[in-house]
Amino acid sequence: MANTAFLKNLKAGDKVVLCITKDGEKHEYISKVKKITPTGLIRVVDYLFRDTTNIALGWEAVSIHEATPEKVKGICARECIKKIREVIANYDFTMTDEQAKAICEILGISA
């Protein structure tokens, strides 16, 4: 059972972890609560949550979780790695064999 106790204390501007699972792939984002309606609906991005952390939209499952320091740190690290991979994938490398071997050694890759 998901921890929903944190929902009681949420207010607009609070950070939450937004988890979207689509086609078997799970993606986590740090988001902010946009609004809490007078009826208690919690708006995060364009999703509305009631007194539960989960909603299902066709083939997409969406949930919110408490933004603990550990979760935020993990998500930030994954986003940083993702950005590094994108830069590397599009980077025009011009380096010597020695530089390539040094990078492989740092990364623990046999050259």
# chains A, B, ... in the order shown; residues from 1 in each chain; ligands from 1

call {"tool": "residues_around", "arguments": {"residues": "stretch 23-33 of chain A", "least_positions_apart": "3", "cutoff": "8 Å", "atoms": "only C-alpha atoms", "output": "list in words"}}
result
Leu10, Lys11, Ala12, Gly13, Asp14, Lys15, Val16, Val17, Leu18, Cys19, Ile20, Ile36, Ile42, Arg43, Val44, Val45, Trp59, Glu60, Ala67, Val72 and Ile75 of chain A

call {"tool": "atom_distance", "arguments": {"atom1": "atom CA of A:Lys22", "atom2": "atom CA of A:Ile55"}}
result
12.4 Å

call {"tool": "select_by_dssp", "arguments": {"residues": "chain A", "states": "helix (DSSP H, G or I)", "output": "number ranges by chain"}}
result
A: 5-9, 69-89, 97-107

call {"tool": "write_last_selection", "arguments": {"atoms": "C-alpha atoms", "output": "compact mmCIF listing (two decimals), in the first residue's frame"}}
result
# COMPACT_ATOMS: atom_id res chain seq x y z
CA ALA A 5 -0.14 10.37 4.74
CA PHE A 6 1.94 13.12 3.10
CA LEU A 7 -1.07 14.15 0.96
CA LYS A 8 -2.79 15.75 3.97
CA ASN A 9 -0.04 18.32 4.41
CA PRO A 69 15.70 14.03 0.01
CA GLU A 70 16.81 10.55 -1.06
CA LYS A 71 14.31 10.36 -3.92
CA VAL A 72 15.11 13.89 -5.11
CA LYS A 73 18.85 13.14 -5.04
CA GLY A 74 18.35 9.91 -7.03
CA ILE A 75 16.18 11.60 -9.66
CA CYS A 76 18.64 14.49 -10.03
CA ALA A 77 21.52 12.02 -10.46
CA ARG A 78 19.61 10.07 -13.15
CA GLU A 79 18.72 13.29 -14.98
CA CYS A 80 22.35 14.40 -14.88
CA ILE A 81 23.50 11.06 -16.31
CA LYS A 82 20.82 11.28 -19.01
CA LYS A 83 22.00 14.76 -20.03
CA ILE A 84 25.62 13.60 -20.12
CA ARG A 85 24.64 10.67 -22.37
CA GLU A 86 22.79 13.02 -24.72
CA VAL A 87 25.78 15.36 -24.97
CA ILE A 88 28.20 12.48 -25.52
CA ALA A 89 25.97 10.94 -28.19
CA ASP A 97 44.59 7.22 -28.80
CA GLU A 98 46.20 8.03 -25.46
CA GLN A 99 43.29 10.28 -24.47
CA ALA A 100 40.77 7.61 -25.49
CA LYS A 101 42.64 4.97 -23.46
CA ALA A 102 42.76 7.30 -20.43
CA ILE A 103 38.99 7.87 -20.60
CA CYS A 104 38.38 4.13 -20.94
CA GLU A 105 40.56 3.54 -17.89
CA ILE A 106 38.63 6.13 -15.84
CA LEU A 107 35.32 4.53 -16.87

call {"tool": "select_by_dssp", "arguments": {"residues": "chain A", "states": "strand (DSSP E)", "output": "PyMOL selection string"}}
result
chain A and resi 15-22+25-36+42-44+47-49+54-57+60-66

call {"tool": "write_last_selection", "arguments": {"atoms": "C-alpha atoms", "output": "PDB file, in the first residue's frame"}}
result
ATOM      1  CA  LYS A  15       7.651  19.383  -4.380  1.00  0.00           C
ATOM      2  CA  VAL A  16       6.432  15.877  -5.182  1.00  0.00           C
ATOM      3  CA  VAL A  17       7.794  13.009  -7.231  1.00  0.00           C
ATOM      4  CA  LEU A  18       5.615  12.444 -10.291  1.00  0.00           C
ATOM      5  CA  CYS A  19       5.909   8.897 -11.614  1.00  0.00           C
ATOM      6  CA  ILE A  20       4.563   8.091 -15.081  1.00  0.00           C
ATOM      7  CA  THR A  21       4.570   4.505 -16.326  1.00  0.00           C
ATOM      8  CA  LYS A  22       3.732   4.058 -19.992  1.00  0.00           C
ATOM      9  CA  GLU A  25       8.728   2.278 -18.929  1.00  0.00           C
ATOM     10  CA  LYS A  26       8.789   4.164 -15.648  1.00  0.00           C
ATOM     11  CA  HIS A  27       9.814   7.824 -15.600  1.00  0.00           C
ATOM     12  CA  GLU A  28      10.171   9.914 -12.456  1.00  0.00           C
ATOM     13  CA  TYR A  29      10.184  13.701 -12.332  1.00  0.00           C
ATOM     14  CA  ILE A  30      10.401  16.280  -9.606  1.00  0.00           C
ATOM     15  CA  SER A  31       7.277  18.406  -9.909  1.00  0.00           C
ATOM     16  CA  LYS A  32       5.453  21.011  -7.883  1.00  0.00           C
ATOM     17  CA  VAL A  33       1.883  20.996  -6.680  1.00  0.00           C
ATOM     18  CA  LYS A  34       0.132  23.604  -8.822  1.00  0.00           C
ATOM     19  CA  LYS A  35      -3.014  23.878  -6.771  1.00  0.00           C
ATOM     20  CA  ILE A  36      -5.175  22.271  -4.122  1.00  0.00           C
ATOM     21  CA  ILE A  42      -4.381  17.991  -5.915  1.00  0.00           C
ATOM     22  CA  ARG A  43      -3.176  19.319  -9.273  1.00  0.00           C
ATOM     23  CA  VAL A  44       0.333  18.316 -10.340  1.00  0.00           C
ATOM     24  CA  TYR A  47      -3.018  15.568 -13.470  1.00  0.00           C
ATOM     25  CA  LEU A  48      -5.609  15.652 -10.689  1.00  0.00           C
ATOM     26  CA  PHE A  49      -5.275  13.413  -7.639  1.00  0.00           C
ATOM     27  CA  ASN A  54      -2.463   6.796  -8.168  1.00  0.00           C
ATOM     28  CA  ILE A  55      -4.517   7.391 -11.291  1.00  0.00           C
ATOM     29  CA  ALA A  56      -4.798   5.356 -14.468  1.00  0.00           C
ATOM     30  CA  LEU A  57      -5.273   6.963 -17.869  1.00  0.00           C
ATOM     31  CA  GLU A  60      -0.609   5.275 -18.680  1.00  0.00           C
ATOM     32  CA  ALA A  61      -0.335   4.953 -14.895  1.00  0.00           C
ATOM     33  CA  VAL A  62       0.487   8.118 -12.975  1.00  0.00           C
ATOM     34  CA  SER A  63       1.326   8.444  -9.308  1.00  0.00           C
ATOM     35  CA  ILE A  64       2.735  11.005  -6.924  1.00  0.00           C
ATOM     36  CA  HIS A  65       5.054  10.308  -4.042  1.00  0.00           C
ATOM     37  CA  GLU A  66       6.606  12.261  -1.241  1.00  0.00           C
TER      38      GLU A  66
END
